[in-house]
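Just data.cif here, mmCIF, C-alpha atoms:
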data_work
#
loop_
_atom_site.group_PDB
_atom_site.id
_atom_site.type_symbol
_atom_site.label_atom_id
_atom_site.label_comp_id
_atom_site.auth_asym_id
_atom_site.auth_seq_id
_atom_site.Cartn_x
_atom_site.Cartn_y
_atom_site.Cartn_z
ATOM 1 C CA MET G 70 1.682 74.228 6.428
ATOM 2 C CA LEU G 71 0.295 72.114 3.625
ATOM 3 C CA PRO G 72 -1.215 73.980 0.692
ATOM 4 C CA SER G 73 -4.968 73.954 0.415
ATOM 5 C CA ARG G 74 -6.521 72.025 -2.479
ATOM 6 C CA ARG G 75 -8.949 74.893 -2.931
ATOM 7 C CA GLY G 76 -6.093 77.505 -3.014
ATOM 8 C CA HIS G 77 -4.302 75.741 -5.925
ATOM 9 C CA PRO G 78 -6.940 74.028 -8.040
ATOM 10 C CA ALA G 79 -4.723 73.663 -11.165
ATOM 11 C CA ARG G 80 -1.607 72.149 -9.564
ATOM 12 C CA VAL G 81 -3.116 68.979 -8.139
ATOM 13 C CA PRO G 82 -4.618 67.596 -11.406
ATOM 14 C CA ALA G 83 -1.358 68.257 -13.223
ATOM 15 C CA ALA G 84 0.657 66.351 -10.634
ATOM 16 C CA LEU G 85 -1.857 63.533 -10.654
ATOM 17 C CA ALA G 86 -1.725 63.319 -14.433
ATOM 18 C CA LEU G 87 2.068 63.090 -14.294
ATOM 19 C CA LEU G 88 1.922 60.240 -11.791
ATOM 20 C CA LEU G 89 -0.622 58.328 -13.868
ATOM 21 C CA ALA G 90 1.446 58.759 -17.005
ATOM 22 C CA THR G 91 4.563 57.490 -15.228
ATOM 23 C CA ALA G 92 2.712 54.457 -13.841
ATOM 24 C CA ALA G 93 1.273 53.604 -17.249
ATOM 25 C CA ALA G 94 4.695 53.809 -18.860
ATOM 26 C CA GLY G 95 6.132 51.540 -16.156
ATOM 27 C CA ALA G 96 3.364 49.001 -16.675
ATOM 28 C CA LEU G 97 3.988 48.908 -20.429
ATOM 29 C CA THR G 98 7.709 48.424 -19.842
ATOM 30 C CA ALA G 99 7.068 45.598 -17.328
ATOM 31 C CA CYS G 100 4.925 43.724 -19.837
ATOM 32 C CA GLY G 101 7.911 43.561 -22.125
ATOM 33 C CA ASP G 102 10.235 42.155 -19.437
ATOM 34 C CA SER G 103 11.112 38.455 -19.266
ATOM 35 C CA GLY G 104 9.359 38.300 -15.908
ATOM 36 C CA GLY G 105 6.017 39.485 -17.274
ATOM 37 C CA LEU G 106 2.900 37.379 -17.821
ATOM 38 C CA ARG G 107 2.910 35.212 -20.919
ATOM 39 C CA SER G 108 0.288 33.109 -22.624
ATOM 40 C CA ALA G 109 0.465 29.360 -22.003
ATOM 41 C CA GLY G 110 -1.027 28.705 -25.390
ATOM 42 C CA ALA G 111 -4.306 27.158 -26.351
ATOM 43 C CA THR G 112 -5.978 25.045 -23.675
ATOM 44 C CA PRO G 113 -6.775 21.521 -24.889
ATOM 45 C CA ALA G 114 -10.454 20.724 -24.956
ATOM 46 C CA ALA G 115 -11.684 18.437 -22.183
ATOM 47 C CA GLN G 116 -12.715 14.980 -23.339
ATOM 48 C CA SER G 117 -15.110 12.702 -21.548
ATOM 49 C CA PRO G 118 -14.263 8.979 -21.229
ATOM 50 C CA ALA G 119 -15.252 6.957 -24.265
ATOM 51 C CA ARG G 120 -17.227 3.899 -23.260
ATOM 52 C CA LEU G 121 -16.399 0.819 -25.304
ATOM 53 C CA TRP G 122 -18.871 -1.912 -26.234
ATOM 54 C CA PRO G 123 -21.949 -0.277 -24.695
ATOM 55 C CA ASP G 124 -24.056 -3.337 -25.529
ATOM 56 C CA LEU G 125 -21.806 -5.679 -23.564
ATOM 57 C CA THR G 126 -23.690 -7.380 -20.737
ATOM 58 C CA PRO G 127 -22.195 -6.203 -17.404
ATOM 59 C CA ALA G 128 -20.559 -8.895 -15.296
ATOM 60 C CA SER G 129 -22.492 -9.828 -12.179
ATOM 61 C CA SER G 130 -19.638 -11.572 -10.317
ATOM 62 C CA PRO G 131 -15.825 -11.413 -10.360
ATOM 63 C CA ALA G 132 -13.920 -13.850 -12.564
ATOM 64 C CA TYR G 133 -11.369 -14.500 -9.831
ATOM 65 C CA ASP G 134 -11.792 -14.671 -6.093
ATOM 66 C CA ILE G 135 -8.933 -12.558 -4.783
ATOM 67 C CA GLY G 136 -10.385 -12.276 -1.294
ATOM 68 C CA GLU G 137 -11.144 -8.572 -1.227
ATOM 69 C CA VAL G 138 -12.143 -8.716 2.439
ATOM 70 C CA ASP G 139 -9.994 -10.508 5.010
ATOM 71 C CA ASN G 140 -11.375 -10.499 8.534
ATOM 72 C CA GLU G 141 -10.671 -13.690 10.438
ATOM 73 C CA VAL G 142 -10.188 -14.431 14.125
ATOM 74 C CA VAL G 143 -6.861 -16.124 14.850
ATOM 75 C CA LYS G 144 -7.663 -19.040 17.123
ATOM 76 C CA GLY G 145 -5.441 -19.987 20.010
ATOM 77 C CA VAL G 146 -3.480 -16.718 20.279
ATOM 78 C CA ALA G 147 -4.038 -14.725 23.459
ATOM 79 C CA VAL G 148 -4.077 -10.923 23.617
ATOM 80 C CA PRO G 149 -3.399 -10.094 27.281
ATOM 81 C CA GLY G 150 -5.275 -6.991 28.374
ATOM 82 C CA GLY G 151 -6.394 -6.376 24.802
ATOM 83 C CA ASP G 152 -2.926 -4.967 24.013
ATOM 84 C CA ILE G 153 -1.721 -6.276 20.667
ATOM 85 C CA ARG G 154 1.864 -5.635 21.686
ATOM 86 C CA GLU G 155 1.426 -8.449 24.205
ATOM 87 C CA ALA G 156 0.300 -10.936 21.535
ATOM 88 C CA ASP G 157 2.949 -13.443 20.440
ATOM 89 C CA PRO G 158 3.775 -12.906 16.713
ATOM 90 C CA VAL G 159 5.388 -16.346 16.481
ATOM 91 C CA ALA G 160 2.214 -17.913 17.865
ATOM 92 C CA ALA G 161 0.196 -16.089 15.199
ATOM 93 C CA VAL G 162 2.321 -17.654 12.442
ATOM 94 C CA ARG G 163 2.134 -21.081 14.066
ATOM 95 C CA ALA G 164 -1.655 -20.759 14.209
ATOM 96 C CA GLU G 165 -1.745 -20.078 10.458
ATOM 97 C CA ILE G 166 0.477 -23.082 9.759
ATOM 98 C CA THR G 167 -1.814 -25.267 11.847
ATOM 99 C CA ALA G 168 -4.883 -23.974 10.015
ATOM 100 C CA HIS G 169 -3.379 -24.739 6.561
ATOM 101 C CA PRO G 170 -1.382 -27.975 6.839
ATOM 102 C CA ASP G 171 -1.456 -28.634 3.079
ATOM 103 C CA ASP G 172 0.673 -25.545 2.521
ATOM 104 C CA TYR G 173 3.235 -26.276 5.226
ATOM 105 C CA GLU G 174 3.297 -29.950 6.219
ATOM 106 C CA GLY G 175 4.810 -32.752 4.160
ATOM 107 C CA ASP G 176 7.670 -33.073 1.697
ATOM 108 C CA LYS G 177 5.581 -31.710 -1.168
ATOM 109 C CA ALA G 178 4.079 -28.735 0.666
ATOM 110 C CA PRO G 179 5.097 -25.448 -1.012
ATOM 111 C CA TYR G 180 6.198 -23.837 2.263
ATOM 112 C CA ARG G 181 7.494 -26.922 4.089
ATOM 113 C CA GLU G 182 10.777 -25.248 5.021
ATOM 114 C CA THR G 183 8.916 -22.465 6.823
ATOM 115 C CA ALA G 184 7.227 -25.023 9.083
ATOM 116 C CA ARG G 185 10.542 -26.751 9.787
ATOM 117 C CA ARG G 186 12.319 -23.542 10.702
ATOM 118 C CA MET G 187 9.605 -22.515 13.144
ATOM 119 C CA ALA G 188 11.416 -24.765 15.607
ATOM 120 C CA ASP G 189 14.167 -22.119 15.628
ATOM 121 C CA CYS G 190 11.732 -19.454 16.833
ATOM 122 C CA GLY G 191 11.487 -19.048 20.574
ATOM 123 C CA SER G 192 8.280 -17.866 22.176
ATOM 124 C CA GLY G 193 7.764 -14.271 21.095
ATOM 125 C CA ARG G 194 11.105 -14.193 19.267
ATOM 126 C CA SER G 195 11.296 -13.230 15.621
ATOM 127 C CA ASP G 196 14.632 -12.908 13.867
ATOM 128 C CA GLY G 197 13.898 -13.735 10.256
ATOM 129 C CA GLU G 198 16.100 -10.887 9.019
ATOM 130 C CA ARG G 199 19.295 -12.568 10.238
ATOM 131 C CA GLY G 200 18.542 -15.998 11.730
ATOM 132 C CA ARG G 201 16.842 -19.240 10.813
ATOM 133 C CA CYS G 202 13.499 -18.267 12.317
ATOM 134 C CA PRO G 203 11.340 -17.217 9.335
ATOM 135 C CA VAL G 204 9.242 -14.737 11.345
ATOM 136 C CA LEU G 205 10.284 -11.116 10.786
ATOM 137 C CA ARG G 206 10.195 -8.375 13.387
ATOM 138 C CA PRO G 207 6.653 -7.010 13.838
ATOM 139 C CA TYR G 208 5.794 -3.323 13.536
ATOM 140 C CA TYR G 209 3.072 -1.541 15.470
ATOM 141 C CA ARG G 210 1.076 1.434 14.193
ATOM 142 C CA ASP G 211 -2.515 2.642 14.360
ATOM 143 C CA LEU G 212 -3.908 1.709 10.953
ATOM 144 C CA THR G 213 -7.608 1.823 11.847
ATOM 145 C CA GLY G 214 -7.798 5.274 13.446
ATOM 146 C CA ASP G 215 -9.099 4.021 16.797
ATOM 147 C CA GLY G 216 -6.048 5.200 18.714
ATOM 148 C CA ARG G 217 -4.695 1.678 19.268
ATOM 149 C CA PRO G 218 -1.870 0.081 17.285
ATOM 150 C CA GLU G 219 -2.229 -2.776 14.822
ATOM 151 C CA MET G 220 0.499 -5.356 14.229
ATOM 152 C CA THR G 221 2.058 -5.630 10.769
ATOM 153 C CA LEU G 222 3.877 -8.941 10.530
ATOM 154 C CA GLY G 223 5.925 -10.656 7.864
ATOM 155 C CA PHE G 224 7.395 -14.138 7.548
ATOM 156 C CA ARG G 225 9.381 -15.989 4.915
ATOM 157 C CA LEU G 226 7.668 -18.595 2.765
ATOM 158 C CA LEU G 227 10.406 -21.187 2.202
ATOM 159 C CA PRO G 228 11.881 -22.702 0.112
ATOM 160 C CA GLU G 229 10.008 -20.337 -2.201
ATOM 161 C CA LYS G 230 11.519 -16.869 -2.154
ATOM 162 C CA LEU G 231 8.271 -15.244 -1.086
ATOM 163 C CA THR G 232 7.197 -13.145 1.869
ATOM 164 C CA ALA G 233 3.880 -13.277 3.679
ATOM 165 C CA VAL G 234 2.572 -9.898 4.842
ATOM 166 C CA ARG G 235 -0.144 -9.866 7.513
ATOM 167 C CA VAL G 236 -1.937 -7.171 9.506
ATOM 168 C CA TYR G 237 -3.689 -7.966 12.788
ATOM 169 C CA THR G 238 -5.958 -5.928 15.025
ATOM 170 C CA VAL G 239 -7.788 -6.651 18.271
ATOM 171 C CA GLU G 240 -11.558 -7.008 18.560
ATOM 172 C CA LYS G 241 -13.065 -7.923 21.942
ATOM 173 C CA ASP G 242 -9.661 -9.119 23.201
ATOM 174 C CA ARG G 243 -9.303 -11.453 20.203
ATOM 175 C CA LEU G 244 -6.555 -11.311 17.611
ATOM 176 C CA VAL G 245 -8.117 -10.681 14.179
ATOM 177 C CA ARG G 246 -6.292 -10.813 10.851
ATOM 178 C CA VAL G 247 -7.433 -7.967 8.582
ATOM 179 C CA MET G 248 -4.939 -8.267 5.720
ATOM 180 C CA SER G 249 -3.095 -11.135 4.045
ATOM 181 C CA TYR G 250 -0.806 -11.066 1.011
ATOM 182 C CA ASP G 251 1.997 -13.318 -0.276
ATOM 183 C CA ASP G 252 4.450 -12.315 -2.994
ATOM 184 C CA ALA G 253 8.069 -11.704 -3.927
ATOM 185 C CA VAL G 254 8.365 -8.529 -1.885
ATOM 186 C CA SER G 255 10.916 -5.770 -2.466
ATOM 187 C CA ALA G 256 9.740 -3.472 0.324
ATOM 188 C CA VAL G 257 6.853 -2.826 2.692
ATOM 189 C CA GLU G 258 5.890 0.640 3.928
ATOM 190 C CA LEU G 259 3.308 2.092 6.289
ATOM 191 C CA ALA G 260 1.775 5.477 5.462
ATOM 192 C CA GLY G 261 -1.178 6.775 7.430
ATOM 193 C CA ARG G 262 -3.919 4.132 7.244
ATOM 194 C CA THR G 263 -2.236 2.386 4.316
ATOM 195 C CA VAL G 264 0.108 -0.577 3.856
ATOM 196 C CA ILE G 265 2.237 -0.325 0.697
ATOM 197 C CA VAL G 266 3.858 -3.433 -0.788
ATOM 198 C CA ARG G 267 6.429 -3.151 -3.569
ATOM 199 C CA SER G 268 7.247 -6.156 -5.759
ATOM 200 C CA PRO G 269 9.585 -6.600 -8.732
ATOM 201 C CA SER G 270 8.121 -6.874 -12.196
ATOM 202 C CA GLU G 271 9.126 -9.046 -15.135
ATOM 203 C CA VAL G 272 9.375 -5.800 -17.142
ATOM 204 C CA ALA G 273 12.817 -4.236 -16.735
ATOM 205 C CA GLY G 274 12.728 -0.841 -15.050
ATOM 206 C CA TYR G 275 9.270 -1.314 -13.518
ATOM 207 C CA GLU G 276 7.836 -2.558 -10.240
ATOM 208 C CA TYR G 277 4.413 -3.294 -8.830
ATOM 209 C CA ARG G 278 3.107 -1.093 -6.030
ATOM 210 C CA LEU G 279 0.032 -2.279 -4.162
ATOM 211 C CA GLN G 280 -1.759 -0.375 -1.424
ATOM 212 C CA TRP G 281 -4.148 -1.667 1.223
ATOM 213 C CA THR G 282 -6.215 0.884 3.143
ATOM 214 C CA TRP G 283 -8.382 0.376 6.211
ATOM 215 C CA ASP G 284 -12.114 0.335 5.479
ATOM 216 C CA PRO G 285 -14.281 0.863 8.587
ATOM 217 C CA ASP G 286 -17.381 -0.623 6.945
ATOM 218 C CA GLN G 287 -15.696 -3.911 6.006
ATOM 219 C CA ARG G 288 -13.502 -3.931 9.116
ATOM 220 C CA ALA G 289 -10.545 -4.927 6.947
ATOM 221 C CA MET G 290 -7.687 -3.570 4.873
ATOM 222 C CA LEU G 291 -8.896 -3.368 1.260
ATOM 223 C CA LEU G 292 -6.714 -3.387 -1.837
ATOM 224 C CA THR G 293 -7.244 0.199 -3.022
ATOM 225 C CA SER G 294 -4.437 0.570 -5.563
ATOM 226 C CA ASP G 295 -2.517 -1.817 -7.835
ATOM 227 C CA GLU G 296 -0.036 -0.068 -10.116
ATOM 228 C CA MET G 297 2.982 -0.769 -12.282
ATOM 229 C CA LEU G 298 5.467 2.082 -11.900
ATOM 230 C CA ARG G 299 8.916 2.916 -13.198
ATOM 231 C CA THR G 300 11.821 2.425 -10.840
ATOM 232 C CA ASP G 301 14.971 4.495 -10.598
ATOM 233 C CA ASP G 302 17.358 1.536 -10.560
ATOM 234 C CA GLY G 303 17.341 1.022 -14.317
ATOM 235 C CA GLY G 304 15.766 -2.411 -13.999
ATOM 236 C CA ARG G 305 18.745 -3.891 -12.150
ATOM 237 C CA HIS G 306 16.584 -5.848 -9.718
ATOM 238 C CA THR G 307 16.334 -9.592 -10.160
ATOM 239 C CA LYS G 308 13.480 -11.164 -12.044
ATOM 240 C CA ARG G 309 10.380 -11.621 -9.946
ATOM 241 C CA PRO G 310 9.713 -15.306 -9.166
ATOM 242 C CA PRO G 311 6.205 -16.641 -9.756
ATOM 243 C CA ALA G 312 3.798 -15.734 -6.985
ATOM 244 C CA SER G 313 2.193 -18.577 -5.087
ATOM 245 C CA PRO G 314 -1.326 -18.822 -3.705
ATOM 246 C CA SER G 315 -1.814 -17.416 -0.231
ATOM 247 C CA PRO G 316 -2.476 -20.085 2.399
ATOM 248 C CA SER G 317 -5.211 -17.930 3.855
ATOM 249 C CA ALA G 318 -8.783 -17.872 2.635
ATOM 250 C CA SER G 319 -8.367 -14.186 1.915
ATOM 251 C CA GLY G 320 -6.998 -14.634 -1.574
ATOM 252 C CA SER G 321 -3.671 -14.899 -3.296
ATOM 253 C CA SER G 322 -1.092 -12.903 -5.143
ATOM 254 C CA SER G 323 -1.390 -15.316 -8.052
ATOM 255 C CA ALA G 324 -5.023 -14.318 -8.447
ATOM 256 C CA SER G 325 -4.157 -10.647 -8.480
ATOM 257 C CA ARG G 326 -1.484 -11.371 -11.094
ATOM 258 C CA SER G 327 -3.708 -13.562 -13.277
ATOM 259 C CA PRO G 328 -3.240 -13.046 -17.040
ATOM 260 C CA SER G 329 -6.571 -11.299 -17.425
ATOM 261 C CA PRO G 330 -7.001 -8.286 -19.742
ATOM 262 C CA SER G 331 -7.220 -5.960 -16.763
ATOM 263 C CA ALA G 332 -4.045 -7.331 -15.260
ATOM 264 C CA SER G 333 -2.209 -7.066 -18.559
ATOM 265 C CA ALA G 334 -3.300 -3.458 -18.887
ATOM 266 C CA ARG G 335 -1.363 -2.552 -15.781
#
Using structure tokens, write down the structure from this file.
Amino acid sequence: MLPSRRGHPARVPAALALLLATAAAGALTACGDSGGLRSAGATPAAQSPARLWPDLTPASSPAYDIGEVDNEVVKGVAVPGGDIREADPVAAVRAEITAHPDDYEGDKAPYRETARRMADCGSGRSDGERGRCPVLRPYYRDLTGDGRPEMTLGFRLLPEKLTAVRVYTVEKDRLVRVMSYDDAVSAVELAGRTVIVRSPSEVAGYEYRLQWTWDPDQRAMLLTSDEMLRTDDGGRHTKRPPASPSPSASGSSSASRSPSPSASAR
């Protein structure tokens, strides 16, 4: 039978006092342990951005047309059943070559070898990784969030050592290009609604990383990030060749790499 609190009024406070004293001593000891809380030091004061040249007249238009929005119907390429997987990637590249003959046709065209090697591409066949056909294998992923895949396509721009990166979607059973970029490409990645293009830099130990993200208002992939980042290869990659203008009306890598103050700041 448990003792009554009322029968032993003096014992309970004494026991409680002993427990409190023990707990306090333990807390003081814990504060001295290596695992106890420690001060991180003084917190630096927050600083707001300093605006330079406040009297400078704001620019009303961009200095370079880099084609921020690319949304163009690809003529002559069928999309059976509205399924982009049924569209011919080789036909999409041939349609671009036809639309921009100055870039591909003739002995002085910058990408003349690409046009010549298209004869090695069969209908719907792309083997640019290992064969003479300059069209690379397409990849399919939903980049717009509508539950249907888009086609990310690449092809070699020859004899220049450049790679064209394109993204296509389908609108009303028509093939529509929503991204276009040409550069010396190290790698291309897809992450969520974003296309990431990595390119070597002239600065040893660094690379460019550009990201295009789908914008539902513009109905296109917009360039949302352009960074210069350190690499982990110690700068052993080869020097990046000069970028050439994109044959599409959407802009060019040379524009995005123009020697402007903003570009140099990267």
Proximity to Ala156 (chain G) - best of G:Thr238, G:Ser117, G:Thr183, G:Ser129, all atoms listed in the file: G:Thr238
Written as number ranges by chain, which residues does the PyMOL selection byres ((chain G and resi 263) around 10) give for the file shown? G: 212-213, 258-262, 264-266, 279-283, 290-293
If you count all atoms listed in the file, which residues fall within 10 Å of Asp171 (chain G), apart from same-chain ones fewer than 6 positions away, as an MDAnalysis selection string? chainID G and resid 177:181 316
Considering all atoms listed in the file, can you say which of G:Ile166, G:Ala184, G:Val142, G:Ala256 comes closest to Arg243 (chain G)? G:Val142
Residues selected by the PyMOL selection byres ((chain G and resi 224-228) around 12), written as a ChimeraX atom specification: /G:158-159,161-163,165-166,172-174,176-187,190,195-207,221-223,229-236,249-254,312-316
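Nearest to Pro218 (chain G) of all the residues G:Arg107, G:Arg299, G:Arg154, G:Arg120 is G:Arg154, counting only C-alpha atoms.
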Assuming the chain letters and numbering stay as they are in my file, what does the PyMOL selection byres ((chain G and resi 145) around 9) actually select? List them as number ranges by chain. G: 143-144, 146-147, 160-161, 164
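Across the structure, CA of Asp284 (chain G) and CA of Leu244 (chain G) are spaced 17.7 Å apart.
In this structure, CA of Ala289 (chain G) sits 6.6 Å away from CA of Met248 (chain G).
Distance-wise, CA of Ser268 (chain G) and CA of Asp286 (chain G) end up 28.3 Å apart.
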